[in-house]
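Enquirer: So here's start.cif, just mmCIF, C-alpha atoms and all ligand atoms:
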data_protein
loop_
_atom_site.label_atom_id
_atom_site.label_comp_id
_atom_site.auth_asym_id
_atom_site.auth_seq_id
_atom_site.Cartn_x
_atom_site.Cartn_y
_atom_site.Cartn_z
CA MET A 13 -51.74 8.20 2.56
CA LYS A 14 -48.97 10.29 1.05
CA PHE A 15 -45.28 9.67 1.40
CA ILE A 16 -42.19 11.54 0.27
CA ALA A 17 -38.83 9.80 -0.25
CA PHE A 18 -35.47 11.55 -0.49
CA ASN A 19 -32.16 10.33 -1.98
CA VAL A 20 -34.02 8.04 -4.36
CA ARG A 21 -31.77 6.34 -6.91
CA GLU A 22 -32.63 4.85 -10.28
CA ASP A 23 -32.12 1.31 -9.00
CA GLU A 24 -34.82 1.82 -6.31
CA GLU A 25 -37.42 3.15 -8.74
CA LYS A 26 -39.01 -0.18 -9.74
CA TYR A 27 -39.62 -1.19 -6.12
CA PHE A 28 -41.31 2.15 -5.35
CA SER A 29 -43.66 1.83 -8.33
CA GLN A 30 -44.37 -1.83 -7.56
CA TRP A 31 -45.38 -0.82 -4.01
CA GLU A 32 -47.56 2.06 -5.24
CA LYS A 33 -49.43 -0.33 -7.54
CA GLU A 34 -49.84 -2.98 -4.86
CA THR A 35 -51.02 -0.64 -2.09
CA GLY A 36 -52.67 2.24 -3.94
CA ASN A 37 -50.58 4.78 -2.00
CA GLU A 38 -48.53 7.58 -3.49
CA VAL A 39 -44.82 8.19 -2.99
CA LEU A 40 -43.19 11.36 -4.26
CA ARG A 41 -39.60 10.42 -5.15
CA LEU A 42 -36.81 12.99 -5.06
CA PRO A 43 -33.13 12.39 -5.87
CA GLU A 44 -31.99 15.11 -3.50
CA MET A 45 -30.86 14.74 0.11
CA LEU A 46 -33.15 15.63 2.96
CA ASP A 47 -31.65 18.49 4.94
CA MET A 48 -32.78 21.77 6.50
CA THR A 49 -32.94 23.39 3.06
CA SER A 50 -35.27 20.73 1.61
CA VAL A 51 -37.31 19.85 4.72
CA GLU A 52 -40.12 22.20 3.68
CA LYS A 53 -40.97 19.76 0.88
CA THR A 54 -42.30 17.34 3.51
CA LYS A 55 -45.28 19.64 4.28
CA GLY A 56 -48.57 17.75 3.97
CA PHE A 57 -47.01 14.26 3.73
CA ASP A 58 -47.85 11.55 6.26
CA GLY A 59 -44.45 9.92 6.13
CA VAL A 60 -40.88 10.76 5.08
CA LEU A 61 -38.31 8.25 3.82
CA ALA A 62 -34.58 8.93 3.81
CA LEU A 63 -31.18 7.24 3.93
CA GLN A 64 -28.35 7.12 6.44
CA THR A 65 -26.12 9.23 4.20
CA GLY A 66 -27.47 12.48 5.67
CA THR A 67 -27.85 13.77 9.23
CA TYR A 68 -31.24 14.33 10.77
CA PRO A 69 -30.93 16.86 13.61
CA SER A 70 -33.37 17.99 16.25
CA GLU A 71 -34.61 21.07 14.27
CA MET A 72 -35.74 18.75 11.50
CA PHE A 73 -38.12 16.88 13.80
CA ALA A 74 -39.64 20.17 15.00
CA GLU A 75 -40.31 20.98 11.33
CA PHE A 76 -41.87 17.55 10.72
CA LYS A 77 -44.25 18.14 13.61
CA LYS A 78 -45.23 21.55 12.22
CA PHE A 79 -45.83 20.02 8.79
CA GLY A 80 -48.00 17.13 10.04
CA VAL A 81 -45.49 14.34 9.32
CA LYS A 82 -46.19 11.27 11.49
CA VAL A 83 -43.38 8.88 10.64
CA PHE A 84 -39.73 9.09 9.57
CA SER A 85 -38.59 5.86 7.92
CA ILE A 86 -34.92 5.25 7.30
CA ARG A 87 -34.34 2.83 4.38
CA ASN A 88 -31.31 1.31 6.13
CA VAL A 89 -30.31 -0.15 9.47
CA GLY A 90 -28.08 2.45 11.19
CA VAL A 91 -29.76 5.32 13.03
CA ASP A 92 -26.58 6.89 14.43
CA ASN A 93 -27.33 10.05 12.43
CA VAL A 94 -30.92 10.46 13.64
CA ASP A 95 -31.72 12.57 16.71
CA LEU A 96 -34.02 9.99 18.28
CA ASP A 97 -34.67 12.09 21.40
CA ALA A 98 -35.90 14.98 19.26
CA ALA A 99 -38.07 12.60 17.24
CA LYS A 100 -39.68 11.37 20.46
CA GLU A 101 -40.15 14.89 21.86
CA ASN A 102 -41.94 15.90 18.67
CA GLY A 103 -44.06 12.75 18.49
CA ILE A 104 -42.47 11.49 15.26
CA VAL A 105 -42.16 7.70 15.03
CA VAL A 106 -38.83 6.52 13.57
CA THR A 107 -38.53 3.18 11.77
CA ASN A 108 -35.52 1.47 10.21
CA VAL A 109 -34.81 -1.72 8.24
CA PRO A 110 -32.97 -3.90 10.76
CA ALA A 111 -32.25 -6.82 8.41
CA TYR A 112 -32.44 -6.04 4.71
CA SER A 113 -29.66 -8.51 3.91
CA PRO A 114 -26.97 -9.28 6.48
CA ASN A 115 -25.32 -11.48 3.85
CA ALA A 116 -24.79 -8.56 1.50
CA ILE A 117 -22.49 -6.88 4.00
CA ALA A 118 -20.88 -10.06 5.31
CA GLU A 119 -20.05 -11.31 1.80
CA PHE A 120 -18.54 -7.99 0.85
CA SER A 121 -16.28 -7.90 3.95
CA VAL A 122 -14.97 -11.35 3.13
CA THR A 123 -14.47 -10.38 -0.54
CA GLN A 124 -12.36 -7.41 0.49
CA LEU A 125 -10.25 -9.43 2.90
CA MET A 126 -9.59 -12.05 0.23
CA GLN A 127 -8.37 -9.32 -2.12
CA LEU A 128 -6.00 -8.01 0.52
CA LEU A 129 -4.70 -11.47 1.33
CA ARG A 130 -3.87 -12.13 -2.33
CA ASN A 131 -2.48 -8.63 -3.06
CA THR A 132 -4.85 -8.14 -5.99
CA THR A 133 -4.46 -4.34 -6.09
CA ILE A 134 -0.70 -4.65 -6.24
CA PHE A 135 -0.90 -7.26 -9.03
CA ARG A 136 -3.50 -5.22 -10.96
CA ASN A 137 -1.18 -2.21 -10.85
CA LYS A 138 1.82 -4.34 -11.87
CA VAL A 139 -0.04 -5.97 -14.77
CA ALA A 140 -1.14 -2.53 -16.00
CA LYS A 141 2.58 -1.70 -16.26
CA GLN A 142 3.31 -5.07 -17.95
CA ASP A 143 5.24 -6.26 -14.90
CA PHE A 144 4.17 -9.91 -14.64
CA ARG A 145 6.56 -11.08 -11.89
CA TRP A 146 5.26 -12.74 -8.68
CA ALA A 147 7.77 -12.03 -5.89
CA PRO A 148 7.63 -10.84 -3.20
CA TYR A 149 3.82 -10.67 -3.04
CA VAL A 150 3.07 -14.13 -1.78
CA GLY A 151 -0.52 -14.49 -0.54
CA ARG A 152 -2.03 -15.92 2.63
CA GLU A 153 -4.86 -18.44 3.02
CA LEU A 154 -7.87 -17.93 5.24
CA ARG A 155 -7.57 -21.37 6.82
CA SER A 156 -4.22 -20.34 8.31
CA LEU A 157 -5.68 -17.23 9.96
CA THR A 158 -7.63 -16.25 13.05
CA VAL A 159 -10.44 -13.83 12.28
CA GLY A 160 -11.64 -11.59 15.12
CA VAL A 161 -15.25 -10.52 14.68
CA VAL A 162 -16.36 -7.40 16.55
CA GLY A 163 -20.13 -7.56 16.97
CA THR A 164 -22.14 -10.74 16.58
CA GLY A 165 -25.50 -9.39 15.47
CA ARG A 166 -27.03 -10.59 12.20
CA ILE A 167 -24.18 -9.32 10.01
CA GLY A 168 -21.40 -10.55 12.30
CA ARG A 169 -23.02 -13.99 12.45
CA ALA A 170 -23.36 -14.16 8.66
CA ALA A 171 -19.65 -13.27 8.39
CA ILE A 172 -18.73 -15.95 10.94
CA ASN A 173 -20.51 -18.62 8.86
CA ILE A 174 -18.68 -17.59 5.71
CA TYR A 175 -15.26 -17.48 7.42
CA ARG A 176 -15.87 -20.89 8.94
CA GLY A 177 -16.69 -22.19 5.46
CA PHE A 178 -13.20 -21.17 4.39
CA GLY A 179 -11.69 -22.98 7.37
CA ALA A 180 -10.58 -19.90 9.32
CA LYS A 181 -10.46 -19.94 13.11
CA VAL A 182 -13.02 -17.40 14.31
CA ILE A 183 -13.05 -15.59 17.65
CA ALA A 184 -15.44 -12.80 18.61
CA TYR A 185 -16.30 -10.06 21.06
CA ASP A 186 -19.68 -8.55 21.79
CA LEU A 187 -21.01 -6.74 24.84
CA TYR A 188 -24.16 -8.81 24.40
CA PRO A 189 -23.01 -12.31 23.42
CA ASN A 190 -25.23 -14.54 21.31
CA PRO A 191 -26.23 -17.58 23.44
CA GLU A 192 -25.63 -20.12 20.66
CA LEU A 193 -22.17 -18.75 19.83
CA LYS A 194 -21.36 -18.55 23.53
CA GLU A 195 -21.99 -22.23 23.84
CA GLN A 196 -19.53 -22.81 21.01
CA GLY A 197 -16.84 -20.97 23.02
CA ILE A 198 -16.18 -18.39 20.31
CA TYR A 199 -16.05 -15.32 22.57
CA VAL A 200 -12.98 -13.76 24.18
CA ASP A 201 -13.43 -11.49 27.22
CA SER A 202 -12.20 -8.13 25.95
CA TYR A 203 -11.29 -6.05 22.92
CA ASP A 204 -7.63 -6.33 23.99
CA GLU A 205 -7.78 -10.11 23.80
CA LEU A 206 -9.56 -10.05 20.45
CA PHE A 207 -7.21 -7.56 18.82
CA SER A 208 -4.05 -9.24 20.15
CA GLN A 209 -5.04 -12.80 19.13
CA ALA A 210 -6.50 -12.13 15.69
CA ASP A 211 -4.76 -11.85 12.31
CA VAL A 212 -7.81 -10.03 10.96
CA ILE A 213 -10.27 -7.74 12.73
CA THR A 214 -13.62 -7.29 11.03
CA LEU A 215 -16.06 -4.71 12.42
CA HIS A 216 -19.79 -5.46 12.47
CA MET A 217 -21.21 -3.18 15.11
CA PRO A 218 -23.18 0.09 15.18
CA ALA A 219 -21.43 3.34 16.08
CA THR A 220 -22.26 4.73 19.51
CA PRO A 221 -20.48 7.57 21.31
CA ASN A 222 -18.79 4.93 23.55
CA ASP A 223 -17.16 3.24 20.57
CA HIS A 224 -15.87 6.34 18.82
CA HIS A 225 -12.36 5.49 17.54
CA LEU A 226 -12.48 2.01 19.02
CA VAL A 227 -9.68 1.23 16.57
CA ASN A 228 -7.05 3.69 17.77
CA SER A 229 -3.24 3.69 18.04
CA GLU A 230 -3.29 2.00 21.44
CA ILE A 231 -5.31 -1.01 20.31
CA LEU A 232 -3.57 -1.18 16.92
CA ASN A 233 -0.25 -1.52 18.77
CA LYS A 234 -1.61 -4.62 20.48
CA MET A 235 -2.29 -6.34 17.15
CA LYS A 236 0.06 -8.87 15.57
CA ASP A 237 2.52 -7.46 13.05
CA GLY A 238 1.15 -7.84 9.53
CA SER A 239 -2.52 -8.06 10.48
CA TYR A 240 -5.61 -6.64 8.73
CA ILE A 241 -8.59 -4.40 9.55
CA ILE A 242 -11.89 -4.63 7.66
CA ASN A 243 -14.49 -1.92 8.27
CA THR A 244 -17.87 -2.22 6.56
CA ALA A 245 -19.65 -0.89 9.67
CA ARG A 246 -19.18 2.80 10.51
CA GLY A 247 -16.32 5.20 9.82
CA ALA A 248 -16.44 6.66 13.33
CA LEU A 249 -15.22 3.35 14.77
CA VAL A 250 -11.75 3.89 13.28
CA ASP A 251 -9.24 6.64 13.99
CA THR A 252 -8.13 7.03 10.38
CA LYS A 253 -4.89 8.87 11.22
CA ALA A 254 -3.83 6.07 13.58
CA LEU A 255 -4.79 3.49 10.96
CA ILE A 256 -2.64 5.20 8.32
CA SER A 257 0.38 5.20 10.69
CA ALA A 258 -0.12 1.49 11.39
CA LEU A 259 -0.34 0.77 7.65
CA LYS A 260 2.78 2.77 6.91
CA SER A 261 4.80 1.16 9.71
CA GLY A 262 3.86 -2.37 8.58
CA LYS A 263 2.02 -3.08 11.82
CA LEU A 264 -0.97 -3.62 9.54
CA ALA A 265 -0.49 -5.47 6.27
CA GLY A 266 -3.69 -4.01 4.87
CA ALA A 267 -7.09 -2.48 5.47
CA ALA A 268 -10.40 -2.48 3.64
CA LEU A 269 -12.59 0.50 4.37
CA ASP A 270 -16.11 0.70 3.04
CA THR A 271 -16.87 3.47 5.51
CA TYR A 272 -14.87 6.53 6.44
CA GLU A 273 -15.35 8.92 9.33
CA ASN A 274 -15.89 11.97 7.05
CA GLU A 275 -17.61 10.19 4.19
CA SER A 276 -20.87 12.10 3.83
CA ASP A 277 -19.56 14.69 1.31
CA ILE A 278 -17.55 12.09 -0.60
CA PHE A 279 -19.29 8.73 -0.87
CA ASN A 280 -22.09 8.41 -3.42
CA HIS A 281 -21.07 11.73 -5.03
CA ASP A 282 -19.44 12.15 -8.42
CA LEU A 283 -16.27 14.08 -7.66
CA SER A 284 -14.53 13.23 -10.95
CA GLY A 285 -12.12 16.00 -11.88
CA LYS A 286 -12.85 17.85 -8.63
CA LYS A 287 -10.43 18.60 -5.81
CA ILE A 288 -11.03 16.57 -2.65
CA ASP A 289 -10.42 18.81 0.30
CA ASP A 290 -9.55 16.07 2.76
CA PRO A 291 -5.82 15.32 3.17
CA ILE A 292 -6.41 12.24 5.34
CA PHE A 293 -8.73 10.67 2.78
CA LYS A 294 -6.27 11.44 -0.01
CA GLU A 295 -3.50 9.78 1.98
CA LEU A 296 -5.66 6.67 2.30
CA LEU A 297 -6.34 6.57 -1.43
CA ALA A 298 -2.62 6.71 -2.16
CA LEU A 299 -1.83 3.53 -0.19
CA ASP A 300 -1.72 0.32 -2.23
CA ASN A 301 -2.47 -1.87 0.79
CA VAL A 302 -5.81 -0.12 1.42
CA LEU A 303 -9.04 -0.87 -0.39
CA VAL A 304 -11.41 2.09 -0.22
CA THR A 305 -14.97 1.54 -1.43
CA PRO A 306 -17.81 4.09 -1.20
CA HIS A 307 -20.13 2.41 1.35
CA ILE A 308 -21.32 -0.28 -1.06
CA ALA A 309 -21.25 -3.38 1.13
CA PHE A 310 -25.05 -3.20 1.42
CA TYR A 311 -25.56 -2.63 -2.30
CA THR A 312 -27.14 -5.77 -3.76
CA GLU A 313 -30.45 -6.34 -5.52
CA THR A 314 -31.87 -8.25 -2.56
CA ALA A 315 -30.88 -5.54 -0.11
CA VAL A 316 -32.18 -2.64 -2.21
CA GLU A 317 -35.56 -4.32 -2.72
CA ASN A 318 -35.91 -5.03 0.99
CA MET A 319 -34.79 -1.55 2.00
CA VAL A 320 -37.46 0.10 -0.14
CA LEU A 321 -40.34 -2.29 0.54
CA ILE A 322 -39.75 -2.78 4.27
CA SER A 323 -39.38 0.96 4.92
CA LEU A 324 -42.54 1.78 2.94
CA ASN A 325 -44.54 -0.95 4.68
CA SER A 326 -43.33 0.31 8.06
CA ALA A 327 -44.29 3.90 7.26
CA LYS A 328 -47.73 2.78 6.06
CA SER A 329 -48.31 0.60 9.09
CA VAL A 330 -47.38 3.42 11.50
CA CYS A 331 -49.77 5.78 9.70
CA GLU A 332 -52.57 3.18 9.82
CA ASP A 333 -52.46 2.12 13.45
CA GLY A 334 -49.26 3.45 15.06
CA THR A 335 -47.48 0.10 15.01
CA ALA A 336 -44.65 -1.57 13.04
CA SER A 337 -42.14 -4.23 14.02
CA THR A 338 -39.34 -1.92 12.85
CA ILE A 339 -40.00 1.04 15.17
CA VAL A 340 -36.70 2.25 16.63
CA LYS A 341 -37.03 2.46 20.41
C1 LIG B 401 -26.96 0.95 6.84
O1 LIG B 401 -27.88 0.19 6.51
O2 LIG B 401 -26.96 1.47 7.96
C2 LIG B 401 -25.89 1.25 5.89
O3 LIG B 401 -24.82 1.51 6.32
C3 LIG B 401 -26.18 1.28 4.41
C4 LIG B 401 -26.65 2.57 3.95
C5 LIG B 401 -26.04 3.78 4.32
C6 LIG B 401 -27.24 2.67 2.60
#
Could you express the structure from this file as C-alpha cells?

Expert:
Amino acid sequence: MKFIAFNVREDEEKYFSQWEKETGNEVLRLPEMLDMTSVEKTKGFDGVLALQTGTYPSEMFAEFKKFGVKVFSIRNVGVDNVDLDAAKENGIVVTNVPAYSPNAIAEFSVTQLMQLLRNTTIFRNKVAKQDFRWAPYVGRELRSLTVGVVGTGRIGRAAINIYRGFGAKVIAYDLYPNPELKEQGIYVDSYDELFSQADVITLHMPATPNDHHLVNSEILNKMKDGSYIINTARGALVDTKALISALKSGKLAGAALDTYENESDIFNHDLSGKKIDDPIFKELLALDNVLVTPHIAFYTETAVENMVLISLNSAKSVCEDGTASTIVK
C-alpha cells in the first residue's frame, strides 16, 4: 500500500518512519499543503493524509476518485473543512483522529485562563520596562469563579476535571448531555443561562453552521462584567469584532484565543517582517488582555504521536478491508 501525507512537520517525522518500519508500508511525506494545485501528487496513492489547516472542497474528492485514492485521513479531530458529502459521492472514505489527547487541549485552555487571571502579560510587559510595581493588577483565584463549559465531549470533560481540581464551580451546556455529568447536576438549560451565570466561558465544541458566531454581541452583553472567554475550539464560533468591542468596553476582562476565524493564512506560517493584511487580527494582537496563540493547544508529544499513528492505521485498515473505527459518518 502507498500513502502520501501533506503538511508534514519535522516533529512528526519519527512517527512516520517508525510506522513504515513496523508495517512495511510506504508514506511519501511532503511539507506542503494539500490544495487544488498539489492534488495531482496524490495520483497512484491508496490513501492521502492531511491536516485541518487546509480546506478540502468537493472538486478535490472528484480528483481523488480519478486518481484511484480510496481513503482520506485527517490527522486531527475536526472535519469542519472537509466536504463530507462530496467524499461520499465519490466513494472516498474519510477518517479522523477523534481522541488523540483531550488533555492536551484541556490543559492548554486552563493554562491560558490562569495567565489571564494573574495578568501575566501585563506584568511581563511591565518588567521588561523595569516597572516592578503591583497595583492595580490584582489577580483572581479559580476557586472563587464559576466556569461555564460549552461542550462536554472528551475535551470538555477533561477540562471539567482540571477546573474541579482547582476548586472552581463548573456549570455546562451541551445539546447532547453526558449522562454521568447530568446526574451530577452540572448542566444549565440554555446558552443564555450559561453565559449569564459564568465568570469564564470555555469553548469545547466543533464548529457547525448552526453555531457560527455563537459568541456574538448579544450573548456577550448577557455575561457578567469582567468575565473571560477561552477559545481553543474553532475560530468560527466567535464573532471577533464583537469580542474586541466587549474587551475594549471592559465587559470582558480578557480572552484567550488559540483559534481565529480567518486563521488559515496566518497560523503555522512564518510571517516575520511581513505585513499582515487583516485589521481585525492586528487589533486583537494589540490588546494586552488578549492571549493569541497559533492553534497550539493540541501540540504535545503525546498528541502528535497519536495523530500520526492513528491516522496511518486508519488509512491502512480502510485500504485492507474497508473498515476503521475512526471513519467519519
Ligand atoms: C483538531 O484536531 O481538529 C485541531 O484543531 C488541531 C489541528 C488543527 C492540528

Enquirer: List as a ChimeraX atom specification the protein and nucleic acid residues lying within 6 Å of ligand LIG 401 (chain B), with all atoms listed in the file counted.

Expert: /A:64-65,88-90,310

Enquirer: Fewer than 4 positions away in the same chain doesn't count, so skip those; otherwise give me all residues within 10 Å of range 16-33 of chain A, counting all atoms listed in the file, as a PyMOL selection string.

Expert: chain A and resi 37-47+50-51+53-66+84-87+313+316-321+324-325

Enquirer: Is there a way to get, as a JSON list (two decimals) with C-alpha atoms, in the coordinates of the input, all residues within 10 Å of the point (-11.5, -8.3, 13.3) in file coordinates, counting all atoms listed in the file?

Expert:
[["chain", "number", "residue", "atom", "x", "y", "z"],
["A", 158, "THR", "CA", -7.63, -16.25, 13.05],
["A", 159, "VAL", "CA", -10.44, -13.83, 12.28],
["A", 160, "GLY", "CA", -11.64, -11.59, 15.12],
["A", 161, "VAL", "CA", -15.25, -10.52, 14.68],
["A", 162, "VAL", "CA", -16.36, -7.40, 16.55],
["A", 163, "GLY", "CA", -20.13, -7.56, 16.97],
["A", 182, "VAL", "CA", -13.02, -17.40, 14.31],
["A", 183, "ILE", "CA", -13.05, -15.59, 17.65],
["A", 184, "ALA", "CA", -15.44, -12.80, 18.61],
["A", 185, "TYR", "CA", -16.30, -10.06, 21.06],
["A", 203, "TYR", "CA", -11.29, -6.05, 22.92],
["A", 206, "LEU", "CA", -9.56, -10.05, 20.45],
["A", 207, "PHE", "CA", -7.21, -7.56, 18.82],
["A", 209, "GLN", "CA", -5.04, -12.80, 19.13],
["A", 210, "ALA", "CA", -6.50, -12.13, 15.69],
["A", 211, "ASP", "CA", -4.76, -11.85, 12.31],
["A", 212, "VAL", "CA", -7.81, -10.03, 10.96],
["A", 213, "ILE", "CA", -10.27, -7.74, 12.73],
["A", 214, "THR", "CA", -13.62, -7.29, 11.03],
["A", 215, "LEU", "CA", -16.06, -4.71, 12.42],
["A", 216, "HIS", "CA", -19.79, -5.46, 12.47],
["A", 239, "SER", "CA", -2.52, -8.06, 10.48],
["A", 240, "TYR", "CA", -5.61, -6.64, 8.73],
["A", 241, "ILE", "CA", -8.59, -4.40, 9.55],
["A", 242, "ILE", "CA", -11.89, -4.63, 7.66],
["A", 243, "ASN", "CA", -14.49, -1.92, 8.27]]

Enquirer: Report, in Å to a single decimal, how far apart CA of Asp97 in chain A and CA of Tyr68 in chain A are.

Expert: 11.4 Å

Enquirer: Grab all the atoms of range 46-59 of chain A that the file lists, wrap them in a box along x, y and z, add 6 Å per side, and give me centre plus edge lengths in Å (one decimal) as AutoDock Vina command-line options.

Expert:
--center_x -40.1 --center_y 16.7 --center_z 3.7 --size_x 28.9 --size_y 25.5 --size_z 17.6

Enquirer: For Asn173 in chain A, list every protein, DNA or RNA residue within 12 Å, evaluated using only C-alpha atoms, and leave out those in the same chain fewer than 2 positions away; present the list as number ranges by chain.

Expert: A: 114-115, 118-119, 122, 159, 161, 164, 166-171, 175-183, 193

Enquirer: Just how far from CA of Leu128 in chain A is CA of Asp289 in chain A, in Å to one decimal?

Expert: 27.2 Å

Enquirer: With all atoms listed in the file as the atoms that count, which of A:Gly262, A:Gly151, A:Gly80, A:Pro110 lies nearest to Gly238 in chain A?

Expert: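 The closest residue to Gly238 in chain A is A:Gly262.
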
Enquirer: Place all heavy atoms on range 99-108 of chain A and deliver the coordinates as a CSV table (one decimal), in the coordinates of the input.

Expert:
chain,number,residue,atom,x,y,z
A,99,ALA,N,-36.9,13.2,17.9
A,99,ALA,CA,-38.1,12.6,17.2
A,99,ALA,C,-39.2,12.3,18.3
A,99,ALA,O,-40.3,12.6,18.1
A,99,ALA,CB,-37.6,11.3,16.5
A,100,LYS,N,-38.7,11.7,19.4
A,100,LYS,CA,-39.7,11.4,20.5
A,100,LYS,C,-40.4,12.6,21.0
A,100,LYS,O,-41.6,12.6,21.2
A,100,LYS,CB,-38.9,10.7,21.6
A,100,LYS,CG,-39.8,9.9,22.5
A,100,LYS,CD,-38.9,9.0,23.3
A,100,LYS,CE,-39.8,8.3,24.4
A,100,LYS,NZ,-39.0,7.6,25.4
A,101,GLU,N,-39.6,13.6,21.3
A,101,GLU,CA,-40.2,14.9,21.9
A,101,GLU,C,-41.2,15.5,20.9
A,101,GLU,O,-42.2,16.1,21.4
A,101,GLU,CB,-39.1,16.0,22.0
A,101,GLU,CG,-38.3,15.8,23.3
A,101,GLU,CD,-36.9,16.5,23.3
A,101,GLU,OE1,-36.8,17.5,22.5
A,101,GLU,OE2,-36.0,16.0,23.9
A,102,ASN,N,-41.0,15.3,19.6
A,102,ASN,CA,-41.9,15.9,18.7
A,102,ASN,C,-43.0,14.9,18.2
A,102,ASN,O,-43.8,15.2,17.3
A,102,ASN,CB,-41.2,16.4,17.5
A,102,ASN,CG,-40.4,17.7,17.8
A,102,ASN,OD1,-41.0,18.8,18.0
A,102,ASN,ND2,-39.1,17.6,18.0
A,103,GLY,N,-43.0,13.7,18.8
A,103,GLY,CA,-44.1,12.8,18.5
A,103,GLY,C,-43.9,12.1,17.1
A,103,GLY,O,-44.9,11.7,16.5
A,104,ILE,N,-42.7,12.1,16.6
A,104,ILE,CA,-42.5,11.5,15.3
A,104,ILE,C,-41.9,10.1,15.5
A,104,ILE,O,-40.9,9.9,16.2
A,104,ILE,CB,-41.4,12.3,14.4
A,104,ILE,CG1,-41.7,13.8,14.4
A,104,ILE,CG2,-41.3,11.7,13.0
A,104,ILE,CD1,-43.0,14.2,13.7
A,105,VAL,N,-42.6,9.1,14.9
A,105,VAL,CA,-42.2,7.7,15.0
A,105,VAL,C,-41.0,7.5,14.0
A,105,VAL,O,-41.1,7.9,12.9
A,105,VAL,CB,-43.3,6.7,14.8
A,105,VAL,CG1,-42.8,5.3,14.8
A,105,VAL,CG2,-44.5,7.0,15.7
A,106,VAL,N,-39.9,6.8,14.5
A,106,VAL,CA,-38.8,6.5,13.6
A,106,VAL,C,-38.8,5.0,13.3
A,106,VAL,O,-38.9,4.2,14.3
A,106,VAL,CB,-37.5,7.0,14.2
A,106,VAL,CG1,-36.3,6.6,13.3
A,106,VAL,CG2,-37.5,8.5,14.4
A,107,THR,N,-38.7,4.6,12.1
A,107,THR,CA,-38.5,3.2,11.8
A,107,THR,C,-37.3,3.0,11.0
A,107,THR,O,-36.8,3.9,10.3
A,107,THR,CB,-39.7,2.6,11.0
A,107,THR,OG1,-39.7,3.1,9.6
A,107,THR,CG2,-41.1,2.9,11.6
A,108,ASN,N,-36.7,1.8,11.0
A,108,ASN,CA,-35.5,1.5,10.2
A,108,ASN,C,-35.8,0.1,9.5
A,108,ASN,O,-36.9,-0.4,9.6
A,108,ASN,CB,-34.2,1.5,11.0
A,108,ASN,CG,-34.1,0.3,12.0
A,108,ASN,OD1,-35.1,-0.4,12.3
A,108,ASN,ND2,-33.0,0.1,12.5
